[in-house]
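Below is one structure, written out as structure tokens, with a few remarks after it.
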Amino acid sequence: MSWPEPVERVSTVLRAAAVEARIEEFGDGTPTAREAARAIGCDLSQIVKSLVFVCDGGYVLALVPGDRRADEQAIATAVSASEVRVARAEEVLHATGFEPGGVAPFPLRAVTERLIDKSLFAHEVVWIGAGSASHMALIGPPELKRLAGARAVDLVSHG
């Protein structure tokens, strides 16, 4: 089976790492966490949002559960940045090599730091974007942390 090129990049990393992971295609698309959870039939907290932030001019990837909001102050603290904002669409593409709505946590082009929210480790498996708005990959949080090169921190607002 051949995947679109961005999905193939993700697949290559998974194969090379020899991790237990599975890429699936969803015809209706999975551009948002809510639509992904509906298509997959899993809990919203098992969908990993791959969010890109610009922190003091550098790109930071934050992996957060689909049912929570990333806390910009927590991200700023984690990377010792004074200025944090959500990346614009063209910045997301530049930083990750993926279009918004299809961002995978690896491989990444110009991301300097990667963070994963600790709450994701409550799940045995989670779903990540796999390179397009209709492809997702099933993976265990420890493997996700390792392949993304992420540090586990508290990233979400509790409210």
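Each chain in the structure tokens gets a letter, A, B, ..., in the order shown, and its residues are numbered from 1; ligands are numbered from 1 in order too.
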If you count only C-alpha atoms, which residues fall within 6 Å of Val111 of chain A, apart from same-chain ones fewer than 6 positions away, as a ChimeraX atom specification?
/A:59-60,95
Could you pull out all residues of segment 5-88 of chain A with a DSSP call of strand (DSSP E or B) and give them as a VMD selection string?
chain A and resid 22 to 25 47 to 55 58 to 65 70 84 to 86
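Proximity to Ser2 of chain A was assessed for A:Ile23, A:Ile40, A:Ala137, A:Ala152 counting only C-alpha atoms; the smallest distance is recorded for A:Ile23.
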My list of candidates is A:Leu155, A:Ala70, A:Ile116, A:Val48. Which is closest to Ile128 of chain A when distances are computed with only C-alpha atoms?
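Of A:Leu155, A:Ala70, A:Ile116, A:Val48, the one nearest Ile128 of chain A is A:Val48, counting only C-alpha atoms.
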Who sits within 6 Å of segment 63-68 of chain A, only C-alpha atoms, same chain under 5 positions skipped, as a list in words
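Near segment 63-68 of chain A, the qualifying residues are Ala33, Leu44, Ser45, Ile47, Val48, Lys49, Ser50, Ile116 and Asp117 of chain A.
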Residues from last step as file, N, CA and C atoms, as a PDB file, in the first residue's frame:
ATOM      1  N   ALA A  33      -9.342  17.251  16.611  1.00  0.00           N
ATOM      2  CA  ALA A  33      -9.319  16.178  17.607  1.00  0.00           C
ATOM      3  C   ALA A  33     -10.703  15.547  17.753  1.00  0.00           C
ATOM      4  N   LEU A  44     -11.787  11.278  23.452  1.00  0.00           N
ATOM      5  CA  LEU A  44     -11.119  12.492  22.976  1.00  0.00           C
ATOM      6  C   LEU A  44      -9.750  12.669  23.635  1.00  0.00           C
ATOM      7  N   SER A  45      -9.599  12.205  24.875  1.00  0.00           N
ATOM      8  CA  SER A  45      -8.323  12.353  25.585  1.00  0.00           C
ATOM      9  C   SER A  45      -7.229  11.454  25.006  1.00  0.00           C
ATOM     10  N   ILE A  47      -6.683  11.289  21.721  1.00  0.00           N
ATOM     11  CA  ILE A  47      -6.204  11.949  20.512  1.00  0.00           C
ATOM     12  C   ILE A  47      -5.112  12.932  20.934  1.00  0.00           C
ATOM     13  N   VAL A  48      -3.970  12.851  20.269  1.00  0.00           N
ATOM     14  CA  VAL A  48      -2.866  13.750  20.590  1.00  0.00           C
ATOM     15  C   VAL A  48      -2.880  14.904  19.592  1.00  0.00           C
ATOM     16  N   LYS A  49      -3.012  16.121  20.119  1.00  0.00           N
ATOM     17  CA  LYS A  49      -2.905  17.298  19.260  1.00  0.00           C
ATOM     18  C   LYS A  49      -1.424  17.670  19.188  1.00  0.00           C
ATOM     19  N   SER A  50      -0.905  17.778  17.966  1.00  0.00           N
ATOM     20  CA  SER A  50       0.483  18.217  17.753  1.00  0.00           C
ATOM     21  C   SER A  50       0.430  19.700  17.434  1.00  0.00           C
ATOM     22  N   ILE A 116       5.704  16.812  25.744  1.00  0.00           N
ATOM     23  CA  ILE A 116       4.528  15.937  25.754  1.00  0.00           C
ATOM     24  C   ILE A 116       3.857  16.082  27.113  1.00  0.00           C
ATOM     25  N   ASP A 117       2.535  16.250  27.100  1.00  0.00           N
ATOM     26  CA  ASP A 117       1.809  16.397  28.358  1.00  0.00           C
ATOM     27  C   ASP A 117       1.782  15.075  29.119  1.00  0.00           C
TER      28      ASP A 117
END
Pick from A:Gly57, A:Pro4, A:Gly29, A:Pro142 nearest to Val84 of chain A, counting only C-alpha atoms:
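Going through A:Gly57, A:Pro4, A:Gly29, A:Pro142 one by one, the smallest distance to Val84 of chain A is for A:Gly57.
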Of the listed residues A:Arg109, A:Lys118, A:His135, A:Arg146, that which approaches Pro31 of chain A most closely, counting only C-alpha atoms
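Selected residue with least distance to Pro31 of chain A: A:His135.
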Measure the distance from atom CA of Pro141 of chain A to atom CA of Ala16 of chain A in Å and round it to one decimal.
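Between atom CA of Pro141 of chain A and atom CA of Ala16 of chain A the gap is 17.5 Å.
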Quick one, how far is atom CA of Arg9 of chain A from atom CA of Thr32 of chain A?
21.0 Å
So the first atom is atom CA of Leu108 of chain A and the second is atom CA of Phe53 of chain A; what is the distance between them in Å, to one decimal place?
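Separating atom CA of Leu108 of chain A from atom CA of Phe53 of chain A is a distance of 13.6 Å.
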Where in segment 49-151 of chain A does DSSP assign helix (DSSP H, G or I), given as a VMD selection string?
chain A and resid 72 to 78 89 to 96 118 to 122 141 to 148
Any chance you could export the current selection's N, CA and C atoms as a tab-separated table (two decimals), in the first residue's frame?
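Okay, selection-v5.tsv is ready:
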chain	number	residue	atom	x	y	z
A	72	GLU	N	-0.30	28.22	27.41
A	72	GLU	CA	0.86	28.92	26.87
A	72	GLU	C	1.86	29.28	27.96
A	73	GLN	N	1.37	29.58	29.17
A	73	GLN	CA	2.27	29.92	30.27
A	73	GLN	C	3.09	28.69	30.68
A	74	ALA	N	2.46	27.52	30.69
A	74	ALA	CA	3.17	26.28	31.04
A	74	ALA	C	4.24	25.97	30.00
A	75	ILE	N	3.92	26.24	28.73
A	75	ILE	CA	4.89	26.03	27.65
A	75	ILE	C	6.06	27.00	27.79
A	76	ALA	N	5.74	28.27	28.07
A	76	ALA	CA	6.78	29.28	28.26
A	76	ALA	C	7.73	28.87	29.39
A	77	THR	N	7.15	28.40	30.49
A	77	THR	CA	7.95	27.97	31.64
A	77	THR	C	8.82	26.77	31.27
A	78	ALA	N	8.24	25.79	30.55
A	78	ALA	CA	8.97	24.57	30.19
A	78	ALA	C	10.19	24.84	29.32
A	89	ALA	N	-0.26	29.20	10.10
A	89	ALA	CA	-0.27	28.04	9.19
A	89	ALA	C	1.03	27.87	8.42
A	90	GLU	N	1.56	28.98	7.86
A	90	GLU	CA	2.80	28.86	7.07
A	90	GLU	C	3.99	28.52	7.97
A	91	GLU	N	3.95	28.96	9.24
A	91	GLU	CA	5.01	28.62	10.18
A	91	GLU	C	4.94	27.15	10.58
A	92	VAL	N	3.72	26.63	10.72
A	92	VAL	CA	3.54	25.20	11.04
A	92	VAL	C	4.15	24.36	9.93
A	93	LEU	N	3.86	24.71	8.69
A	93	LEU	CA	4.40	23.97	7.55
A	93	LEU	C	5.92	24.06	7.52
A	94	HIS	N	6.46	25.25	7.74
A	94	HIS	CA	7.91	25.43	7.73
A	94	HIS	C	8.58	24.63	8.86
A	95	ALA	N	8.00	24.69	10.06
A	95	ALA	CA	8.61	24.05	11.24
A	95	ALA	C	8.53	22.54	11.20
A	96	THR	N	7.42	22.01	10.65
A	96	THR	CA	7.18	20.56	10.75
A	96	THR	C	7.29	19.83	9.42
A	118	LYS	N	2.08	15.16	30.41
A	118	LYS	CA	2.16	13.96	31.26
A	118	LYS	C	0.87	13.15	31.29
A	119	SER	N	-0.27	13.82	31.14
A	119	SER	CA	-1.56	13.10	31.24
A	119	SER	C	-1.73	12.05	30.15
A	120	LEU	N	-1.01	12.17	29.03
A	120	LEU	CA	-1.13	11.18	27.95
A	120	LEU	C	-0.65	9.80	28.39
A	121	PHE	N	0.20	9.75	29.41
A	121	PHE	CA	0.73	8.47	29.89
A	121	PHE	C	-0.30	7.66	30.67
A	122	ALA	N	-1.47	8.24	30.90
A	122	ALA	CA	-2.56	7.50	31.57
A	122	ALA	C	-3.16	6.47	30.62
A	141	PRO	N	2.21	5.85	24.43
A	141	PRO	CA	2.84	7.11	24.86
A	141	PRO	C	4.36	7.04	25.09
A	142	PRO	N	4.90	5.94	25.68
A	142	PRO	CA	6.36	5.90	25.85
A	142	PRO	C	7.11	5.93	24.51
A	143	GLU	N	6.57	5.21	23.51
A	143	GLU	CA	7.19	5.21	22.18
A	143	GLU	C	7.05	6.58	21.53
A	144	LEU	N	5.90	7.21	21.71
A	144	LEU	CA	5.68	8.55	21.17
A	144	LEU	C	6.70	9.52	21.76
A	145	LYS	N	6.88	9.48	23.06
A	145	LYS	CA	7.84	10.37	23.74
A	145	LYS	C	9.24	10.15	23.17
A	146	ARG	N	9.63	8.89	23.03
A	146	ARG	CA	10.97	8.56	22.55
A	146	ARG	C	11.17	9.00	21.10
A	147	LEU	N	10.22	8.65	20.21
A	147	LEU	CA	10.37	8.99	18.79
A	147	LEU	C	10.30	10.49	18.54
A	148	ALA	N	9.50	11.19	19.32
A	148	ALA	CA	9.38	12.64	19.15
A	148	ALA	C	10.54	13.37	19.83
Which of these, A:Thr112, A:Ser132, A:Ser11, A:Ser157, has the shortest distance to Val52 of chain A once you count only C-alpha atoms?
A:Thr112
Near-Gly101 of chain A list (9 Å; only C-alpha atoms; drop same-chain fewer than 2 positions) as a VMD selection string:
chain A and resid 30 to 32 98 to 99 103 129 131 to 134
